[in-house]
Amino acid sequence: MSVIEATDVTFAYGHRPVVDGVSLSVDEGAFLGLVGPNGSGKTTLLELLIGLRRPDSGSVTLFGDPAHESTHGERIGFVPQDVSASNGEMPTTVREAVRMGRYPRRLLGRFTEDDRQAIDSALVRVGIADLADRRVGRLSGGQRQRVFIARALAAEADLLALDEPTVGVDAESREAFYDLLCELNADGITVVLIEHDIGVVTTHASEIACLNRELYFHGDPGAFVETDALADAYGGSQSVVQHHH
Amino acid sequence: MAFLPATEPLVVFVSVLVGTVDRLVGVVLDDLWGTSMDALSALTGIDMLGSPFMQRAYLAAVCIALIGPLVGSFLVHREMAMIGDTLAHSAFAGVAAGLFVNAAFAVTVPPLLTALIVAGVAALLVQTLVDYAGAYRDTSLAIVLTGSFAVGSVLVTATDGGIAVGINAYLFGSLATVSRASAAILLAMSVFVTLGVTAAYRPLVYVTFDEIGARAAGLSVTRYNQLLAVLTAVVVVGAMQIMGVILVAGMLVIPVAAATTARGFKRSVVAAVAAAQFATITGVTMAYLFDVAAGGTIVLVAIAVYLAVTVAVRARRSVGQMRSNHRAPAPVSTDRGDDTD
């Protein structure tokens, strides 16, 4: 069953199209790595896929409903770039941030035992239970990204959308972060990940979509490295980040 | 005369409503607040607490110090602090419009009501501008701020100077403007704001912490932004009488800034309200004793609290660092400790 189904999606800022005629489906349990050069429309496509934007033409369905009017908010866990995450000045603690995962389904009223359990087990699952009373703004980048994952787990999200989550995170924490992501994917959570490091994607993702305004490739990582899609999408530029792990 | 039977129940209803509100105000202001303040006055021997005038001023102080930081905590952490100032100036235009209408036509419109309407409309207007511009642009806020103040100043001077006298109290705030009716209105506004923030606390926190995440989770960010803007308008109009248009934004920002070192957002809100209570109660007392402007005194006390907290936190941090370095020169640490007391 597909979680996301995009059909001929086009989106423009003013007259400048950033996503053009993209058709893409993401199956339940998939780990999709979304790659492409800077300004290739990756973030916009991700926002279209989870319903933060409405396509100019074409359609996106999310869990079977039109994405932009989806009522499945609690099923989506969004992990932003660390730099764009909430300002560090707000004195929110880790536990408070993870509790937010329960808010969409409990806007009012007391938290039940289920809510508390979901929060506690999410904190344990991503390994930040000992940081629960620390302020989010005082954590390292890697720890902070785990808070957002924990928030998604507390929400019992079955789709994780991540926009270059490890920019500015040190190499060791990055590895641990992607290992965690793979474990969660193995548990059945669908992952859509924007990543500039193609090595990371080919190592961890089960499928790759290569975008530069249009979709140049969508398939499994093994086939991706065999094709010219990468060079085509990046216009033969030499600045492609590619590490082999 | 087919409408008579229909209007009569309405008239009865309105008069019953007015009567009920009147009695409710009596119970809350006189029986509850007045009696307990009288008791406090008798207990402490402080005469000031026994006078109805000061009792109303203290009630206003407590209300302002509750709702200011309550709403301000969200504004400050969304970097929307300027919106308070902008709405205060549009409330001023509303006051001027009310006074102008009263002077020019033979009607009585409470200036607080026109202030509330104009500030509420300005709140939604600013929010629309912000949504359209895509960010809390200083420019759009500055235009609304100066524009409303311009409207206010034109209206004030358009009459024969009669209303210019009244306007001073709204500009700088005054304890004398807190009549029995306006104390009751402020109390009602405080209940409204507190209920509003309590009911929308979770989505407001989510939107403030991570707007995109909140949108992805299906929360209507626009609606909560509008709610926050309207609540801000209510706070500003309520606090304006004592604080004055020019200083009212201080109550939305300074206590919150003083509480940002708290561990946890909820704790920071409680700490901000506590800091604000200290500032307004001390400020009102000093304003009465030394016969100076209440708004200015309150803001100065609030800034003093902010500075004291900042110095104390710095000192504690550097003492902690020294201890962790196993080199704690005792004289230095006690010196800093004294500064913060």
# chains A, B, ... in the order shown; residues from 1 in each chain; ligands from 1
$ select_by_dssp --residues "stretch 87-135 of chain A" --states "helix (DSSP H, G or I)" --output "PyMOL selection string"
chain A and resi 94-105+113-125+129-131
$ interface_residues --of "chain A" --to "chain B" --cutoff "9 Å" --atoms "only C-alpha atoms" --output "PyMOL selection string"
chain A and resi 47+50-52+69-80+85-87+89-97+100-101+103-104+106-108+133-135
$ atom_distance --atom1 "atom CA of A:Ala152" --atom2 "atom CA of A:Leu123"
10.7 Å
$ residues_around --residues "A:Asp8" --least-positions-apart "2" --cutoff "9 Å" --atoms "only C-alpha atoms" --output "compact mmCIF listing (two decimals) with all heavy atoms, in the first residue's frame"
# COMPACT_ATOMS: atom_id res chain seq x y z
N ALA A 6 2.13 10.78 -5.47
CA ALA A 6 2.17 12.07 -6.16
C ALA A 6 2.02 11.81 -7.65
O ALA A 6 2.67 10.93 -8.21
CB ALA A 6 3.49 12.77 -5.89
N THR A 10 3.22 19.78 -10.05
CA THR A 10 3.96 20.97 -10.45
C THR A 10 3.73 22.07 -9.43
O THR A 10 2.61 22.23 -8.92
CB THR A 10 3.49 21.44 -11.86
OG1 THR A 10 3.81 20.42 -12.78
CG2 THR A 10 4.18 22.73 -12.27
N ASP A 20 8.46 20.19 -11.24
CA ASP A 20 7.80 20.14 -12.55
C ASP A 20 7.47 18.71 -12.95
O ASP A 20 8.35 17.90 -13.20
CB ASP A 20 8.74 20.79 -13.58
CG ASP A 20 7.98 21.19 -14.84
OD1 ASP A 20 6.77 20.91 -14.92
OD2 ASP A 20 8.60 21.79 -15.73
N GLY A 21 6.18 18.41 -12.96
CA GLY A 21 5.71 17.13 -13.47
C GLY A 21 6.26 15.91 -12.75
O GLY A 21 6.62 14.92 -13.39
N VAL A 22 6.31 15.98 -11.43
CA VAL A 22 6.88 14.87 -10.66
C VAL A 22 5.78 13.86 -10.28
O VAL A 22 4.78 14.23 -9.70
CB VAL A 22 7.59 15.38 -9.39
CG1 VAL A 22 7.99 14.20 -8.50
CG2 VAL A 22 8.81 16.21 -9.76
N SER A 23 6.00 12.61 -10.65
CA SER A 23 5.13 11.52 -10.20
C SER A 23 5.97 10.56 -9.39
O SER A 23 7.06 10.20 -9.80
CB SER A 23 4.51 10.79 -11.39
OG SER A 23 3.68 11.67 -12.10
N LEU A 24 5.44 10.19 -8.24
CA LEU A 24 6.27 9.45 -7.30
C LEU A 24 5.35 8.76 -6.30
O LEU A 24 4.39 9.35 -5.83
CB LEU A 24 7.14 10.48 -6.55
CG LEU A 24 8.15 10.06 -5.50
CD1 LEU A 24 9.36 9.49 -6.18
CD2 LEU A 24 8.55 11.27 -4.69
N SER A 57 -0.57 22.17 -9.99
CA SER A 57 -1.33 21.19 -10.76
C SER A 57 -0.84 19.82 -10.37
O SER A 57 0.22 19.68 -9.78
CB SER A 57 -1.18 21.45 -12.26
OG SER A 57 0.14 21.16 -12.66
N GLY A 58 -1.61 18.81 -10.75
CA GLY A 58 -1.31 17.47 -10.30
C GLY A 58 -1.89 17.24 -8.91
O GLY A 58 -2.57 18.12 -8.37
N SER A 59 -1.62 16.07 -8.35
CA SER A 59 -2.22 15.79 -7.04
C SER A 59 -1.28 14.97 -6.18
O SER A 59 -0.42 14.25 -6.67
CB SER A 59 -3.54 15.02 -7.23
OG SER A 59 -3.25 13.73 -7.72
N VAL A 60 -1.43 15.16 -4.88
CA VAL A 60 -0.70 14.36 -3.91
C VAL A 60 -1.71 13.75 -2.95
O VAL A 60 -2.52 14.48 -2.38
CB VAL A 60 0.31 15.20 -3.10
CG1 VAL A 60 1.08 14.31 -2.13
CG2 VAL A 60 1.26 15.97 -3.99
$ select_by_dssp --residues "stretch 104-182 of chain A" --states "strand (DSSP E or B)" --output "VMD selection string"
chain A and resid 135 159 to 163
$ write_last_selection --atoms "C-alpha atoms" --output "PDB file, in the first residue's frame"
ATOM      1  CA  ARG A 135      16.682  22.499  27.746  1.00  0.00           C
ATOM      2  CA  LEU A 159       5.770   8.526   8.414  1.00  0.00           C
ATOM      3  CA  LEU A 160       8.973  10.397   9.179  1.00  0.00           C
ATOM      4  CA  ALA A 161       9.864  13.346   6.946  1.00  0.00           C
ATOM      5  CA  LEU A 162      13.373  14.704   7.445  1.00  0.00           C
ATOM      6  CA  ASP A 163      14.899  17.716   5.710  1.00  0.00           C
TER       7      ASP A 163
END
$ atom_distance --atom1 "atom CA of A:Leu46" --atom2 "atom CA of A:Leu193"
8.7 Å
$ residues_around --residues "stretch 236-244 of chain B" --least-positions-apart "5" --cutoff "8 Å" --atoms "only C-alpha atoms" --output "VMD selection string"
chain B and resid 60 64 68 84 87 to 88 91 112 115 to 116 119 169 to 175 177 to 178 185 to 186 189 to 190 249 294 to 296 298
$ atom_distance --atom1 "atom CA of A:Ala186" --atom2 "atom CA of A:Gly29"
7.8 Å
$ residues_around --residues "B:Gln55" --least-positions-apart "3" --cutoff "10 Å" --atoms "only C-alpha atoms" --output "NGL selection string"
:B and (29-30 or 33-38 or 48-52 or 58-61 or 183)
$ write_last_selection --atoms "all heavy atoms" --output "short mmCIF file (atom, residue, chain, number, x, y, z; two decimals), in the first residue's frame"
data_model
loop_
_atom_site.label_atom_id
_atom_site.label_comp_id
_atom_site.auth_asym_id
_atom_site.auth_seq_id
_atom_site.Cartn_x
_atom_site.Cartn_y
_atom_site.Cartn_z
N LEU B 29 -15.86 42.65 43.39
CA LEU B 29 -15.04 43.82 43.74
C LEU B 29 -15.16 44.17 45.22
O LEU B 29 -14.16 44.42 45.88
CB LEU B 29 -15.45 45.03 42.89
CG LEU B 29 -15.00 45.04 41.43
CD1 LEU B 29 -15.25 46.41 40.82
CD2 LEU B 29 -13.54 44.66 41.29
N ASP B 30 -16.40 44.21 45.74
CA ASP B 30 -16.59 44.67 47.11
C ASP B 30 -16.47 43.53 48.12
O ASP B 30 -15.64 43.58 49.02
CB ASP B 30 -17.98 45.34 47.26
CG ASP B 30 -18.15 46.46 46.25
OD1 ASP B 30 -17.11 47.05 45.88
OD2 ASP B 30 -19.28 46.72 45.83
N TRP B 33 -12.81 40.96 46.92
CA TRP B 33 -11.55 41.70 46.87
C TRP B 33 -11.49 42.77 47.96
O TRP B 33 -10.54 42.83 48.73
CB TRP B 33 -11.37 42.33 45.48
CG TRP B 33 -10.08 43.06 45.32
CD1 TRP B 33 -9.89 44.40 45.32
CD2 TRP B 33 -8.78 42.48 45.14
NE1 TRP B 33 -8.57 44.70 45.15
CE2 TRP B 33 -7.86 43.54 45.04
CE3 TRP B 33 -8.30 41.17 45.07
CZ2 TRP B 33 -6.49 43.34 44.86
CZ3 TRP B 33 -6.94 40.96 44.89
CH2 TRP B 33 -6.05 42.03 44.79
N GLY B 34 -12.56 43.60 48.03
CA GLY B 34 -12.58 44.70 48.99
C GLY B 34 -12.45 44.20 50.43
O GLY B 34 -11.63 44.70 51.20
N THR B 35 -13.22 43.18 50.77
CA THR B 35 -13.21 42.66 52.14
C THR B 35 -11.84 42.09 52.50
O THR B 35 -11.31 42.35 53.59
CB THR B 35 -14.28 41.57 52.32
OG1 THR B 35 -15.51 42.06 51.77
CG2 THR B 35 -14.48 41.24 53.77
N SER B 36 -11.26 41.32 51.55
CA SER B 36 -9.97 40.72 51.90
C SER B 36 -8.87 41.78 51.99
O SER B 36 -7.96 41.67 52.81
CB SER B 36 -9.60 39.60 50.92
OG SER B 36 -9.96 39.92 49.61
N MET B 37 -8.96 42.81 51.12
CA MET B 37 -7.98 43.90 51.22
C MET B 37 -8.16 44.66 52.53
O MET B 37 -7.18 45.06 53.17
CB MET B 37 -8.10 44.85 50.02
CG MET B 37 -7.61 44.28 48.73
SD MET B 37 -5.84 43.88 48.69
CE MET B 37 -5.14 45.46 48.26
N ASP B 38 -9.43 44.88 52.95
CA ASP B 38 -9.69 45.55 54.24
C ASP B 38 -9.06 44.74 55.37
O ASP B 38 -8.42 45.31 56.27
CB ASP B 38 -11.20 45.67 54.47
CG ASP B 38 -11.81 46.77 53.60
OD1 ASP B 38 -11.04 47.59 53.07
OD2 ASP B 38 -13.05 46.77 53.43
N MET B 48 -3.14 52.44 53.39
CA MET B 48 -3.25 52.50 51.94
C MET B 48 -4.07 51.34 51.37
O MET B 48 -4.84 51.52 50.42
CB MET B 48 -1.82 52.45 51.41
CG MET B 48 -1.65 52.55 49.95
SD MET B 48 0.12 52.72 49.60
CE MET B 48 0.77 51.18 50.18
N LEU B 49 -3.92 50.16 51.98
CA LEU B 49 -4.62 48.97 51.48
C LEU B 49 -6.12 49.05 51.72
O LEU B 49 -6.89 48.32 51.11
CB LEU B 49 -4.07 47.70 52.14
CG LEU B 49 -2.59 47.41 51.90
CD1 LEU B 49 -2.15 46.18 52.69
CD2 LEU B 49 -2.32 47.19 50.42
N GLY B 50 -6.53 49.95 52.62
CA GLY B 50 -7.94 50.03 52.97
C GLY B 50 -8.73 50.97 52.07
O GLY B 50 -9.96 50.93 52.06
N SER B 51 -8.05 51.84 51.33
CA SER B 51 -8.79 52.80 50.52
C SER B 51 -9.27 52.15 49.24
O SER B 51 -8.52 51.45 48.57
CB SER B 51 -7.90 54.00 50.19
OG SER B 51 -7.27 53.83 48.95
N PRO B 52 -10.57 52.35 48.91
CA PRO B 52 -11.14 51.71 47.71
C PRO B 52 -10.34 52.05 46.45
O PRO B 52 -10.18 51.22 45.57
CB PRO B 52 -12.54 52.30 47.63
CG PRO B 52 -12.85 52.76 49.00
CD PRO B 52 -11.56 53.16 49.62
N TYR B 58 -4.59 48.03 43.04
CA TYR B 58 -3.90 46.74 43.27
C TYR B 58 -4.55 45.61 42.48
O TYR B 58 -3.87 44.72 41.97
CB TYR B 58 -3.85 46.41 44.76
CG TYR B 58 -2.77 47.16 45.50
CD1 TYR B 58 -3.07 48.05 46.52
CD2 TYR B 58 -1.43 46.97 45.17
CE1 TYR B 58 -2.08 48.75 47.18
CE2 TYR B 58 -0.42 47.66 45.82
CZ TYR B 58 -0.76 48.55 46.83
OH TYR B 58 0.23 49.24 47.47
N LEU B 59 -5.88 45.67 42.38
CA LEU B 59 -6.56 44.65 41.59
C LEU B 59 -6.09 44.72 40.14
O LEU B 59 -5.77 43.71 39.52
CB LEU B 59 -8.08 44.85 41.66
CG LEU B 59 -8.90 43.86 40.84
CD1 LEU B 59 -8.75 42.45 41.40
CD2 LEU B 59 -10.37 44.25 40.80
N ALA B 60 -6.01 45.95 39.62
CA ALA B 60 -5.53 46.13 38.24
C ALA B 60 -4.10 45.63 38.11
O ALA B 60 -3.74 44.98 37.13
CB ALA B 60 -5.63 47.61 37.85
N ALA B 61 -3.27 45.92 39.13
CA ALA B 61 -1.87 45.50 39.10
C ALA B 61 -1.77 43.98 39.00
O ALA B 61 -1.00 43.45 38.20
CB ALA B 61 -1.16 46.00 40.36
N ALA B 183 -12.15 48.82 36.42
CA ALA B 183 -11.58 47.69 37.16
C ALA B 183 -12.36 46.42 36.85
O ALA B 183 -11.77 45.36 36.63
CB ALA B 183 -11.59 47.97 38.66
#
$ closest_residue --among "B:Val292, B:Gly196, B:Pro69, B:Pro255" --to "B:Leu227" --atoms "only C-alpha atoms"
B:Gly196
